[in-house]
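Dumped work-v8.cif below, it's mmCIF, C-alpha atoms:
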```cif
data_my_file
#
loop_
_atom_site.group_PDB
_atom_site.id
_atom_site.type_symbol
_atom_site.label_atom_id
_atom_site.label_comp_id
_atom_site.auth_asym_id
_atom_site.auth_seq_id
_atom_site.Cartn_x
_atom_site.Cartn_y
_atom_site.Cartn_z
ATOM 1 C CA MET Y 69 107.312 38.824 127.911
ATOM 2 C CA ASN Y 70 110.682 38.330 129.594
ATOM 3 C CA ALA Y 71 112.383 41.389 131.057
ATOM 4 C CA LEU Y 72 115.295 39.492 132.594
ATOM 5 C CA ASP Y 73 117.506 39.718 129.500
ATOM 6 C CA LYS Y 74 116.779 43.336 128.657
ATOM 7 C CA PRO Y 75 118.829 46.431 129.543
ATOM 8 C CA VAL Y 76 117.152 48.379 132.299
ATOM 9 C CA ALA Y 77 116.427 51.305 129.981
ATOM 10 C CA GLU Y 78 114.353 49.026 127.717
ATOM 11 C CA ILE Y 79 112.042 47.741 130.429
ATOM 12 C CA GLY Y 80 108.605 49.252 130.023
ATOM 13 C CA THR Y 81 105.059 49.073 131.304
ATOM 14 C CA GLN Y 82 104.221 45.788 129.588
ATOM 15 C CA HIS Y 83 107.201 44.069 131.162
ATOM 16 C CA LEU Y 84 106.151 45.265 134.605
ATOM 17 C CA ARG Y 85 102.600 44.088 134.075
ATOM 18 C CA SER Y 86 103.898 40.677 133.081
ATOM 19 C CA LEU Y 87 106.020 40.429 136.219
ATOM 20 C CA LEU Y 88 103.125 41.465 138.449
ATOM 21 C CA HIS Y 89 100.668 39.171 136.682
ATOM 22 C CA ALA Y 90 102.920 36.212 137.467
ATOM 23 C CA GLU Y 91 102.168 36.803 141.165
ATOM 24 C CA ALA Y 92 98.450 37.496 140.760
ATOM 25 C CA GLU Y 93 97.596 34.664 143.154
ATOM 26 C CA ARG Y 94 99.923 36.070 145.799
ATOM 27 C CA PRO Y 95 98.929 39.722 146.289
ATOM 28 C CA ALA Y 96 101.391 40.351 149.114
ATOM 29 C CA THR Y 97 104.271 39.117 146.947
ATOM 30 C CA ALA Y 98 103.063 41.147 143.959
ATOM 31 C CA ARG Y 99 102.846 44.311 146.058
ATOM 32 C CA ALA Y 100 106.305 43.733 147.537
ATOM 33 C CA ARG Y 101 107.701 43.142 144.051
ATOM 34 C CA TYR Y 102 106.126 46.336 142.729
ATOM 35 C CA GLY Y 103 107.518 48.320 145.669
ATOM 36 C CA ALA Y 104 111.011 46.925 145.152
ATOM 37 C CA LEU Y 105 110.930 47.684 141.427
ATOM 38 C CA ASN Y 106 109.620 51.182 142.057
ATOM 39 C CA ARG Y 107 112.488 51.939 144.440
ATOM 40 C CA PHE Y 108 115.005 50.417 142.023
ATOM 41 C CA PHE Y 109 113.811 52.482 139.081
ATOM 42 C CA ASP Y 110 113.758 55.625 141.220
ATOM 43 C CA TRP Y 111 117.442 54.999 141.911
ATOM 44 C CA CYS Y 112 118.091 54.354 138.201
ATOM 45 C CA LEU Y 113 116.333 57.621 137.381
ATOM 46 C CA ASP Y 114 118.437 59.540 139.915
ATOM 47 C CA GLU Y 115 121.610 58.012 138.481
ATOM 48 C CA GLY Y 116 120.627 58.813 134.899
ATOM 49 C CA PHE Y 117 120.292 55.199 133.724
ATOM 50 C CA VAL Y 118 116.652 55.608 132.639
ATOM 51 C CA PRO Y 119 114.646 58.623 131.443
ATOM 52 C CA LEU Y 120 111.526 57.530 133.316
ATOM 53 C CA ASN Y 121 110.486 55.205 136.127
ATOM 54 C CA PRO Y 122 108.157 52.774 134.293
ATOM 55 C CA CYS Y 123 106.358 51.957 137.541
ATOM 56 C CA VAL Y 124 104.610 55.331 137.430
ATOM 57 C CA THR Y 125 103.144 54.412 134.035
ATOM 58 C CA VAL Y 126 101.202 51.531 135.595
ATOM 59 C CA SER Y 127 97.786 52.954 136.436
ATOM 60 C CA LYS Y 128 96.725 52.917 140.068
ATOM 61 C CA ALA Y 129 93.927 50.506 139.192
ATOM 62 C CA LYS Y 130 96.497 47.994 137.884
ATOM 63 C CA ARG Y 131 98.943 48.296 140.775
ATOM 64 C CA PRO Y 132 98.898 45.507 143.388
ATOM 65 C CA LYS Y 133 96.546 46.272 146.256
ATOM 66 C CA PRO Y 134 97.516 45.782 149.898
ATOM 67 C CA PRO Y 135 96.499 42.289 151.038
ATOM 68 C CA LYS Y 136 93.736 42.036 153.591
ATOM 69 C CA ASP Y 137 94.891 41.852 157.176
ATOM 70 C CA ARG Y 138 94.965 38.276 158.413
ATOM 71 C CA ALA Y 139 92.762 37.478 161.374
ATOM 72 C CA VAL Y 140 93.842 33.857 161.760
ATOM 73 C CA TYR Y 141 95.087 32.716 165.137
ATOM 74 C CA LEU Y 142 95.432 29.347 166.805
ATOM 75 C CA HIS Y 143 93.858 28.388 170.108
ATOM 76 C CA ILE Y 144 96.216 27.345 172.876
ATOM 77 C CA ASP Y 145 95.066 23.718 172.477
ATOM 78 C CA GLN Y 146 95.988 23.799 168.792
ATOM 79 C CA LEU Y 147 99.441 25.153 169.625
ATOM 80 C CA ALA Y 148 99.825 22.397 172.195
ATOM 81 C CA ALA Y 149 98.915 19.814 169.561
ATOM 82 C CA LEU Y 150 101.575 21.223 167.203
ATOM 83 C CA TRP Y 151 104.069 21.224 170.080
ATOM 84 C CA ARG Y 152 103.440 17.532 170.762
ATOM 85 C CA ALA Y 153 103.477 16.647 167.058
ATOM 86 C CA ALA Y 154 106.879 18.284 166.624
ATOM 87 C CA GLY Y 155 108.357 15.872 169.147
ATOM 88 C CA THR Y 156 106.782 12.699 167.767
ATOM 89 C CA ASN Y 157 106.986 13.242 164.013
ATOM 90 C CA ALA Y 158 109.468 10.944 162.283
ATOM 91 C CA ARG Y 159 109.783 13.409 159.379
ATOM 92 C CA LEU Y 160 111.329 16.051 161.636
ATOM 93 C CA ARG Y 161 114.866 16.071 162.949
ATOM 94 C CA ASP Y 162 115.690 17.111 166.509
ATOM 95 C CA VAL Y 163 116.667 20.606 165.399
ATOM 96 C CA HIS Y 164 113.343 21.029 163.586
ATOM 97 C CA CYS Y 165 111.436 19.923 166.682
ATOM 98 C CA ALA Y 166 113.334 22.390 168.849
ATOM 99 C CA LEU Y 167 112.832 25.217 166.335
ATOM 100 C CA VAL Y 168 109.085 24.580 166.082
ATOM 101 C CA ARG Y 169 108.691 24.569 169.841
ATOM 102 C CA PHE Y 170 110.790 27.711 170.164
ATOM 103 C CA LEU Y 171 108.568 29.510 167.636
ATOM 104 C CA ILE Y 172 105.445 28.419 169.488
ATOM 105 C CA ALA Y 173 106.779 29.567 172.859
ATOM 106 C CA ILE Y 174 108.616 32.754 171.817
ATOM 107 C CA PRO Y 175 106.616 35.209 169.647
ATOM 108 C CA CYS Y 176 109.462 36.133 167.331
ATOM 109 C CA ARG Y 177 109.553 36.046 163.548
ATOM 110 C CA ARG Y 178 110.684 32.791 161.990
ATOM 111 C CA GLY Y 179 113.694 34.422 160.320
ATOM 112 C CA GLU Y 180 114.811 35.794 163.682
ATOM 113 C CA ALA Y 181 114.643 32.324 165.211
ATOM 114 C CA ALA Y 182 116.464 30.739 162.269
ATOM 115 C CA ALA Y 183 119.273 33.319 162.628
ATOM 116 C CA LEU Y 184 119.496 33.043 166.426
ATOM 117 C CA ASP Y 185 123.129 32.801 167.556
ATOM 118 C CA TRP Y 186 124.424 31.538 170.892
ATOM 119 C CA LYS Y 187 126.206 34.844 171.442
ATOM 120 C CA HIS Y 188 122.820 36.581 171.599
ATOM 121 C CA LEU Y 189 121.631 34.459 174.515
ATOM 122 C CA ASP Y 190 122.226 34.926 178.226
ATOM 123 C CA LEU Y 191 121.245 31.518 179.552
ATOM 124 C CA ALA Y 192 122.031 32.487 183.130
ATOM 125 C CA GLN Y 193 119.619 35.426 183.067
ATOM 126 C CA GLY Y 194 117.199 33.866 180.593
ATOM 127 C CA VAL Y 195 117.349 36.712 178.064
ATOM 128 C CA TRP Y 196 117.660 36.848 174.279
ATOM 129 C CA THR Y 197 119.009 40.215 173.125
ATOM 130 C CA GLN Y 198 118.513 41.366 169.531
ATOM 131 C CA ALA Y 199 120.539 44.148 167.945
ATOM 132 C CA ASN Y 200 118.725 46.794 165.913
ATOM 133 C CA THR Y 201 120.141 45.224 162.733
ATOM 134 C CA ALA Y 202 118.343 41.961 163.510
ATOM 135 C CA THR Y 203 114.809 43.302 163.912
ATOM 136 C CA LYS Y 204 112.184 44.289 161.366
ATOM 137 C CA ASN Y 205 111.614 47.765 162.800
ATOM 138 C CA GLY Y 206 115.307 48.525 163.272
ATOM 139 C CA GLU Y 207 115.018 48.870 167.038
ATOM 140 C CA PRO Y 208 116.965 46.732 169.552
ATOM 141 C CA HIS Y 209 114.846 44.245 171.426
ATOM 142 C CA ARG Y 210 115.015 41.512 174.022
ATOM 143 C CA PHE Y 211 112.892 38.527 174.936
ATOM 144 C CA SER Y 212 112.516 37.070 178.388
ATOM 145 C CA LEU Y 213 112.976 33.291 178.153
ATOM 146 C CA PRO Y 214 110.733 31.433 180.608
ATOM 147 C CA PRO Y 215 111.802 28.051 182.094
ATOM 148 C CA LEU Y 216 109.870 26.133 179.428
ATOM 149 C CA VAL Y 217 112.114 27.652 176.745
ATOM 150 C CA LEU Y 218 115.294 27.698 178.804
ATOM 151 C CA ASP Y 219 115.056 23.937 179.332
ATOM 152 C CA LEU Y 220 114.836 23.449 175.572
ATOM 153 C CA ILE Y 221 117.702 25.835 174.811
ATOM 154 C CA ARG Y 222 119.988 24.535 177.540
ATOM 155 C CA ALA Y 223 119.527 20.982 176.304
ATOM 156 C CA ARG Y 224 120.570 22.054 172.801
ATOM 157 C CA HIS Y 225 123.504 24.021 174.221
ATOM 158 C CA ALA Y 226 124.801 21.021 176.140
ATOM 159 C CA ALA Y 227 124.339 18.681 173.178
ATOM 160 C CA ALA Y 228 126.285 21.102 170.958
ATOM 161 C CA GLY Y 229 129.230 21.205 173.382
ATOM 162 C CA CYS Y 230 128.330 24.526 175.039
ATOM 163 C CA PRO Y 231 129.492 26.795 172.179
ATOM 164 C CA ALA Y 232 129.934 30.534 172.697
ATOM 165 C CA LYS Y 233 128.722 31.366 169.194
ATOM 166 C CA GLY Y 234 127.136 29.767 166.174
ATOM 167 C CA LEU Y 235 123.575 29.041 165.096
ATOM 168 C CA VAL Y 236 121.281 27.651 167.754
ATOM 169 C CA PHE Y 237 119.137 25.886 165.123
ATOM 170 C CA PRO Y 238 121.477 24.968 162.240
ATOM 171 C CA SER Y 239 120.131 22.894 159.381
ATOM 172 C CA PRO Y 240 120.998 19.209 159.907
ATOM 173 C CA GLN Y 241 123.107 18.762 156.792
ATOM 174 C CA ALA Y 242 124.538 22.088 155.630
ATOM 175 C CA GLY Y 243 124.743 23.727 159.049
ATOM 176 C CA ARG Y 244 123.234 26.920 157.625
ATOM 177 C CA GLN Y 245 120.018 28.644 158.678
ATOM 178 C CA VAL Y 246 116.982 26.404 158.381
ATOM 179 C CA ASP Y 247 114.963 27.310 155.289
ATOM 180 C CA THR Y 248 112.671 24.282 154.975
ATOM 181 C CA PHE Y 249 109.732 25.845 156.825
ATOM 182 C CA THR Y 250 107.265 24.712 154.156
ATOM 183 C CA ASP Y 251 108.273 21.066 154.594
ATOM 184 C CA ILE Y 252 108.249 21.365 158.383
ATOM 185 C CA LYS Y 253 104.761 22.832 158.324
ATOM 186 C CA ALA Y 254 103.530 20.082 155.978
ATOM 187 C CA ALA Y 255 104.738 17.444 158.432
ATOM 188 C CA LEU Y 256 102.902 19.144 161.293
ATOM 189 C CA VAL Y 257 99.702 19.543 159.271
ATOM 190 C CA ASP Y 258 99.746 15.872 158.277
ATOM 191 C CA ALA Y 259 100.275 14.830 161.884
ATOM 192 C CA THR Y 260 97.617 17.042 163.466
ATOM 193 C CA GLY Y 261 95.125 17.922 160.749
ATOM 194 C CA ILE Y 262 95.487 21.563 161.795
ATOM 195 C CA ASP Y 263 95.831 23.603 158.605
ATOM 196 C CA GLY Y 264 95.223 27.110 157.291
ATOM 197 C CA TRP Y 265 97.891 28.718 159.465
ATOM 198 C CA ARG Y 266 101.172 30.447 158.788
ATOM 199 C CA TRP Y 267 104.201 30.685 161.029
ATOM 200 C CA HIS Y 268 103.542 34.378 161.622
ATOM 201 C CA ASP Y 269 100.109 33.472 163.033
ATOM 202 C CA PHE Y 270 101.872 32.187 166.152
ATOM 203 C CA ARG Y 271 102.577 35.808 167.087
ATOM 204 C CA ARG Y 272 98.897 36.729 166.734
ATOM 205 C CA SER Y 273 97.959 33.639 168.753
ATOM 206 C CA PHE Y 274 100.299 34.743 171.524
ATOM 207 C CA ALA Y 275 98.852 38.269 171.645
ATOM 208 C CA THR Y 276 95.278 36.951 171.592
ATOM 209 C CA ALA Y 277 95.865 34.470 174.409
ATOM 210 C CA LEU Y 278 97.526 37.121 176.581
ATOM 211 C CA ALA Y 279 94.711 39.604 175.939
ATOM 212 C CA GLU Y 280 92.152 36.993 176.955
ATOM 213 C CA GLY Y 281 94.249 36.389 180.054
ATOM 214 C CA GLY Y 282 94.077 40.040 181.050
ATOM 215 C CA VAL Y 283 97.576 41.150 180.009
ATOM 216 C CA ALA Y 284 97.667 44.777 178.835
ATOM 217 C CA GLU Y 285 97.871 45.180 175.056
ATOM 218 C CA SER Y 286 100.762 47.623 175.437
ATOM 219 C CA VAL Y 287 102.775 44.930 177.208
ATOM 220 C CA ALA Y 288 102.019 42.384 174.466
ATOM 221 C CA ASP Y 289 102.987 44.969 171.833
ATOM 222 C CA ALA Y 290 106.279 45.564 173.630
ATOM 223 C CA ILE Y 291 107.024 41.829 173.643
ATOM 224 C CA LEU Y 292 106.189 41.590 169.938
ATOM 225 C CA ASN Y 293 108.493 44.574 169.300
ATOM 226 C CA HIS Y 294 105.855 46.471 167.398
ATOM 227 C CA LYS Y 295 107.053 49.944 166.568
ATOM 228 C CA GLN Y 296 105.491 52.225 169.121
ATOM 229 C CA SER Y 297 104.459 54.883 166.629
ATOM 230 C CA ALA Y 298 102.425 52.234 164.792
ATOM 231 C CA THR Y 299 100.459 51.141 167.838
ATOM 232 C CA ARG Y 300 100.334 54.363 169.847
ATOM 233 C CA GLY Y 301 98.819 57.420 168.244
ATOM 234 C CA GLY Y 302 99.577 61.108 168.618
ATOM 235 C CA VAL Y 303 101.694 62.430 171.440
ATOM 236 C CA LEU Y 304 101.659 59.060 173.215
ATOM 237 C CA GLY Y 305 103.406 57.395 170.273
ATOM 238 C CA VAL Y 306 106.140 60.041 170.307
ATOM 239 C CA TYR Y 307 106.821 60.350 174.023
ATOM 240 C CA GLN Y 308 105.915 57.001 175.557
ATOM 241 C CA ARG Y 309 109.035 54.880 175.111
ATOM 242 C CA ALA Y 310 108.791 52.661 178.213
ATOM 243 C CA GLN Y 311 109.345 48.962 177.508
ATOM 244 C CA ARG Y 312 107.793 47.764 180.808
ATOM 245 C CA TRP Y 313 110.333 44.983 181.153
ATOM 246 C CA PRO Y 314 109.127 43.552 184.514
ATOM 247 C CA GLU Y 315 105.649 43.225 183.029
ATOM 248 C CA GLN Y 316 107.092 41.589 179.916
ATOM 249 C CA VAL Y 317 108.838 39.002 182.081
ATOM 250 C CA ALA Y 318 105.630 38.305 183.988
ATOM 251 C CA ALA Y 319 103.622 38.059 180.748
ATOM 252 C CA MET Y 320 106.072 35.589 179.227
ATOM 253 C CA THR Y 321 105.845 33.454 182.373
ATOM 254 C CA THR Y 322 102.048 33.537 182.144
ATOM 255 C CA TRP Y 323 102.193 32.531 178.481
ATOM 256 C CA ALA Y 324 104.601 29.663 179.165
ATOM 257 C CA ASP Y 325 102.418 28.400 182.019
ATOM 258 C CA LEU Y 326 99.338 28.426 179.769
ATOM 259 C CA LEU Y 327 101.176 26.579 177.015
ATOM 260 C CA ASN Y 328 102.738 24.061 179.381
ATOM 261 C CA ALA Y 329 99.379 23.298 180.986
ATOM 262 C CA ALA Y 330 97.801 22.741 177.564
ATOM 263 C CA VAL Y 331 100.637 20.431 176.483
ATOM 264 C CA GLU Y 332 100.450 18.425 179.707
ATOM 265 C CA HIS Y 333 96.665 18.149 179.384
ATOM 266 C CA GLN Y 334 96.948 16.785 175.848
ATOM 267 C CA THR Y 335 99.730 14.419 176.864
ATOM 268 C CA GLY Y 336 97.636 13.103 179.741
ATOM 269 C CA SER Y 337 94.594 12.685 177.502
ATOM 270 C CA ALA Y 338 96.630 10.776 174.922
ATOM 271 C CA GLU Y 339 98.032 8.446 177.582
ATOM 272 C CA THR Y 340 94.533 7.834 178.951
ATOM 273 C CA GLU Y 341 93.273 6.948 175.479
ATOM 274 C CA ARG Y 342 96.139 4.546 174.928
ATOM 275 C CA GLY Y 343 95.550 2.970 178.313
ATOM 276 C CA GLY Y 344 91.873 2.531 177.616
ATOM 277 C CA SER Y 345 92.563 0.755 174.347
ATOM 278 C CA LEU Y 346 94.693 -1.993 175.875
#
```

Could you render the structure from this file as structure tokens?
Amino acid sequence: MNALDKPVAEIGTQHLRSLLHAEAERPATARARYGALNRFFDWCLDEGFVPLNPCVTVSKAKRPKPPKDRAVYLHIDQLAALWRAAGTNARLRDVHCALVRFLIAIPCRRGEAAALDWKHLDLAQGVWTQANTATKNGEPHRFSLPPLVLDLIRARHAAAGCPAKGLVFPSPQAGRQVDTFTDIKAALVDATGIDGWRWHDFRRSFATALAEGGVAESVADAILNHKQSATRGGVLGVYQRAQRWPEQVAAMTTWADLLNAAVEHQTGSAETERGGSL
């Protein structure tokens, strides 16, 4: 039952059920679709375009349920393997390799990395500043860029002619934001055999590794730019607004050192294996 060709006032419960059923295998997508439609029809109702929001006629039992929280994270050695694979995979261009390594080293969201502009970077101070319009929670944020990341970014900056603005990771052909994350992931999975992960899991991997290393959870939350009210309850969530920047810088250095050590260990092991096979 196709609702795409119908006037909005003619869309009813059966049409909504059909749309939601199409995403039955992807509960997060189905729930997001239902939420978007519900907000749209609320607006239509306020404007007088429809007499009723059809979303409210879908019983609670039939509405998409929240997906279960993911608990997947990658061990530092797995991240190191993906890091190495990004640099040796013939299916990936240089910009893809750099983007993958940036996402492993900096716990941002993939869309934030894809949209990263040179004007947002202070390469002298090693800081990436995000405006409130660029973040999920609508709050301004900044990342400390450790030497491991600065080396990568400075190399790209020099190769691009030291631009003052423009995408840091433009797609190779169109020059727009990279949107081939599925293909990039497939190349990494084929090269390493490491599967079952999503790009967002890198953020959970970062937080887990830092927690195991003794870094305070509040510092990791600040780096991840989690909204404070969501991670701090009661009065603390309202009044505690400190970002603990010096501790963020130290934590990012710790993370980069852990990652670099794991990459170097795997590189050394691979060279030893090759040497032993001669």

task: Please measure the separation of atom CA of Y:Cys123 and atom CA of Y:Asn106, giving the value in Å to one decimal.
output: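 A separation of 5.6 Å between them.
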
- request: Mind checking which residues fall within 12 Å of Y:Ser239, counting only C-alpha atoms, ignoring those fewer than 2 positions away in the same chain, and posting them as a ChimeraX atom specification?
  value: /Y:160-167,182-183,234-237,241-249

message: Need to verify the contact set: Y:Ile291, 7 Å, all atoms listed in the file, exclusion of same-chain residues closer than 2 positions in sequence. Can you return it as a list in words?
response: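 Result of the neighbour search: Phe211, Val287, Ala288, Asp289, Asn293 and Gln316 of chain Y.
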
Selection to disk with C-alpha atoms, as a short mmCIF file (atom, residue, chain, number, x, y, z; two decimals), in the frame of the given file:
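Result written to result_25.cif:
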```
data_model
loop_
_atom_site.label_atom_id
_atom_site.label_comp_id
_atom_site.auth_asym_id
_atom_site.auth_seq_id
_atom_site.Cartn_x
_atom_site.Cartn_y
_atom_site.Cartn_z
CA PHE Y 211 112.89 38.53 174.94
CA VAL Y 287 102.78 44.93 177.21
CA ALA Y 288 102.02 42.38 174.47
CA ASP Y 289 102.99 44.97 171.83
CA ASN Y 293 108.49 44.57 169.30
CA GLN Y 316 107.09 41.59 179.92
#
```

- prompt: Can you list, as a PyMOL selection string, the residues that the PyMOL selection byres ((chain Y and resi 260) around 7) selects here?
  reply: chain Y and resi 149-150+153+256-259+261-262

field: Which of Y:Thr250, Y:Asn121, Y:Asn157, Y:Asn328 sits closest to Y:Arg178 [using only C-alpha atoms]
entry: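 Between Y:Thr250, Y:Asn121, Y:Asn157, Y:Asn328, the residue approaching Y:Arg178 most closely is Y:Thr250.
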
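Coordinates place atom CA of Y:Trp151 at a distance of 7.2 Å from atom CA of Y:Val168.
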
query: Which residue, Y:Ala228, Y:Ala104, Y:Ala275, Y:Leu84, has the smallest gap to Y:Val126 when you use only C-alpha atoms?
result: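 Result for the nearest residue to Y:Val126: Y:Leu84.
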
message: To one decimal place in Å, what is the distance between atom CA of Y:Gly103 and atom CA of Y:Leu87?
response: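 It comes out at 12.4 Å.
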
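Taking only C-alpha atoms into account, Y:Leu213 lies nearest to Y:Thr321 out of the set Y:Thr321, Y:Leu278, Y:Lys133, Y:Ala92.
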
- request: Using the chain letters and numbers from the file, give me the residues hit by the PyMOL selection byres ((chain Y and resi 136-148) around 12), as an NGL selection string.
  value: :Y and (94-96 or 132-135 or 149-155 or 168-173 or 256-257 or 260-278 or 280-281 or 323-335)

Could you turn the residues from that selection into a file that holds C-alpha atoms, as a CSV table (one decimal), in the frame of the given file?
```csv
chain,number,residue,atom,x,y,z
Y,94,ARG,CA,99.9,36.1,145.8
Y,95,PRO,CA,98.9,39.7,146.3
Y,96,ALA,CA,101.4,40.4,149.1
Y,132,PRO,CA,98.9,45.5,143.4
Y,133,LYS,CA,96.5,46.3,146.3
Y,134,PRO,CA,97.5,45.8,149.9
Y,135,PRO,CA,96.5,42.3,151.0
Y,149,ALA,CA,98.9,19.8,169.6
Y,150,LEU,CA,101.6,21.2,167.2
Y,151,TRP,CA,104.1,21.2,170.1
Y,152,ARG,CA,103.4,17.5,170.8
Y,153,ALA,CA,103.5,16.6,167.1
Y,154,ALA,CA,106.9,18.3,166.6
Y,155,GLY,CA,108.4,15.9,169.1
Y,168,VAL,CA,109.1,24.6,166.1
Y,169,ARG,CA,108.7,24.6,169.8
Y,170,PHE,CA,110.8,27.7,170.2
Y,171,LEU,CA,108.6,29.5,167.6
Y,172,ILE,CA,105.4,28.4,169.5
Y,173,ALA,CA,106.8,29.6,172.9
Y,256,LEU,CA,102.9,19.1,161.3
Y,257,VAL,CA,99.7,19.5,159.3
Y,260,THR,CA,97.6,17.0,163.5
Y,261,GLY,CA,95.1,17.9,160.7
Y,262,ILE,CA,95.5,21.6,161.8
Y,263,ASP,CA,95.8,23.6,158.6
Y,264,GLY,CA,95.2,27.1,157.3
Y,265,TRP,CA,97.9,28.7,159.5
Y,266,ARG,CA,101.2,30.4,158.8
Y,267,TRP,CA,104.2,30.7,161.0
Y,268,HIS,CA,103.5,34.4,161.6
Y,269,ASP,CA,100.1,33.5,163.0
Y,270,PHE,CA,101.9,32.2,166.2
Y,271,ARG,CA,102.6,35.8,167.1
Y,272,ARG,CA,98.9,36.7,166.7
Y,273,SER,CA,98.0,33.6,168.8
Y,274,PHE,CA,100.3,34.7,171.5
Y,275,ALA,CA,98.9,38.3,171.6
Y,276,THR,CA,95.3,37.0,171.6
Y,277,ALA,CA,95.9,34.5,174.4
Y,278,LEU,CA,97.5,37.1,176.6
Y,280,GLU,CA,92.2,37.0,177.0
Y,281,GLY,CA,94.2,36.4,180.1
Y,323,TRP,CA,102.2,32.5,178.5
Y,324,ALA,CA,104.6,29.7,179.2
Y,325,ASP,CA,102.4,28.4,182.0
Y,326,LEU,CA,99.3,28.4,179.8
Y,327,LEU,CA,101.2,26.6,177.0
Y,328,ASN,CA,102.7,24.1,179.4
Y,329,ALA,CA,99.4,23.3,181.0
Y,330,ALA,CA,97.8,22.7,177.6
Y,331,VAL,CA,100.6,20.4,176.5
Y,332,GLU,CA,100.4,18.4,179.7
Y,333,HIS,CA,96.7,18.1,179.4
Y,334,GLN,CA,96.9,16.8,175.8
Y,335,THR,CA,99.7,14.4,176.9
```

For stretch 209-222 of chain Y, supply N, CA, C and O atoms and report the output as a PDB file, keeping the file's coordinate frame.
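out-v5.pdb, freshly written:
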```pdb
ATOM      1  N   HIS Y 209     115.941  44.909 170.725  1.00  0.00           N
ATOM      2  CA  HIS Y 209     114.846  44.245 171.426  1.00  0.00           C
ATOM      3  C   HIS Y 209     115.411  43.119 172.277  1.00  0.00           C
ATOM      4  O   HIS Y 209     116.539  42.659 172.059  1.00  0.00           O
ATOM      5  N   ARG Y 210     114.629  42.673 173.236  1.00  0.00           N
ATOM      6  CA  ARG Y 210     115.015  41.512 174.022  1.00  0.00           C
ATOM      7  C   ARG Y 210     113.772  40.734 174.417  1.00  0.00           C
ATOM      8  O   ARG Y 210     112.697  41.294 174.593  1.00  0.00           O
ATOM      9  N   PHE Y 211     113.949  39.425 174.505  1.00  0.00           N
ATOM     10  CA  PHE Y 211     112.892  38.527 174.936  1.00  0.00           C
ATOM     11  C   PHE Y 211     113.288  37.902 176.266  1.00  0.00           C
ATOM     12  O   PHE Y 211     114.428  37.449 176.437  1.00  0.00           O
ATOM     13  N   SER Y 212     112.339  37.840 177.168  1.00  0.00           N
ATOM     14  CA  SER Y 212     112.516  37.070 178.388  1.00  0.00           C
ATOM     15  C   SER Y 212     112.224  35.606 178.070  1.00  0.00           C
ATOM     16  O   SER Y 212     111.186  35.292 177.468  1.00  0.00           O
ATOM     17  N   LEU Y 213     113.130  34.717 178.447  1.00  0.00           N
ATOM     18  CA  LEU Y 213     112.976  33.291 178.153  1.00  0.00           C
ATOM     19  C   LEU Y 213     112.502  32.566 179.409  1.00  0.00           C
ATOM     20  O   LEU Y 213     113.270  32.386 180.355  1.00  0.00           O
ATOM     21  N   PRO Y 214     111.251  32.138 179.440  1.00  0.00           N
ATOM     22  CA  PRO Y 214     110.733  31.433 180.608  1.00  0.00           C
ATOM     23  C   PRO Y 214     111.348  30.035 180.728  1.00  0.00           C
ATOM     24  O   PRO Y 214     111.970  29.541 179.777  1.00  0.00           O
ATOM     25  N   PRO Y 215     111.190  29.375 181.883  1.00  0.00           N
ATOM     26  CA  PRO Y 215     111.802  28.051 182.094  1.00  0.00           C
ATOM     27  C   PRO Y 215     111.477  27.035 181.010  1.00  0.00           C
ATOM     28  O   PRO Y 215     112.329  26.218 180.639  1.00  0.00           O
ATOM     29  N   LEU Y 216     110.252  27.071 180.485  1.00  0.00           N
ATOM     30  CA  LEU Y 216     109.870  26.133 179.428  1.00  0.00           C
ATOM     31  C   LEU Y 216     110.819  26.218 178.243  1.00  0.00           C
ATOM     32  O   LEU Y 216     111.214  25.197 177.657  1.00  0.00           O
ATOM     33  N   VAL Y 217     111.217  27.437 177.882  1.00  0.00           N
ATOM     34  CA  VAL Y 217     112.114  27.652 176.745  1.00  0.00           C
ATOM     35  C   VAL Y 217     113.566  27.426 177.153  1.00  0.00           C
ATOM     36  O   VAL Y 217     114.355  26.850 176.399  1.00  0.00           O
ATOM     37  N   LEU Y 218     113.916  27.872 178.346  1.00  0.00           N
ATOM     38  CA  LEU Y 218     115.294  27.698 178.804  1.00  0.00           C
ATOM     39  C   LEU Y 218     115.676  26.231 178.874  1.00  0.00           C
ATOM     40  O   LEU Y 218     116.808  25.857 178.534  1.00  0.00           O
ATOM     41  N   ASP Y 219     114.763  25.375 179.287  1.00  0.00           N
ATOM     42  CA  ASP Y 219     115.056  23.937 179.332  1.00  0.00           C
ATOM     43  C   ASP Y 219     115.385  23.423 177.941  1.00  0.00           C
ATOM     44  O   ASP Y 219     116.331  22.644 177.744  1.00  0.00           O
ATOM     45  N   LEU Y 220     114.614  23.865 176.958  1.00  0.00           N
ATOM     46  CA  LEU Y 220     114.836  23.449 175.572  1.00  0.00           C
ATOM     47  C   LEU Y 220     116.189  23.950 175.065  1.00  0.00           C
ATOM     48  O   LEU Y 220     116.966  23.197 174.458  1.00  0.00           O
ATOM     49  N   ILE Y 221     116.473  25.219 175.321  1.00  0.00           N
ATOM     50  CA  ILE Y 221     117.702  25.835 174.811  1.00  0.00           C
ATOM     51  C   ILE Y 221     118.929  25.262 175.516  1.00  0.00           C
ATOM     52  O   ILE Y 221     119.965  24.991 174.883  1.00  0.00           O
ATOM     53  N   ARG Y 222     118.850  25.072 176.805  1.00  0.00           N
ATOM     54  CA  ARG Y 222     119.988  24.535 177.540  1.00  0.00           C
ATOM     55  C   ARG Y 222     120.312  23.105 177.119  1.00  0.00           C
ATOM     56  O   ARG Y 222     121.484  22.717 177.071  1.00  0.00           O
TER      57      ARG Y 222
END
```
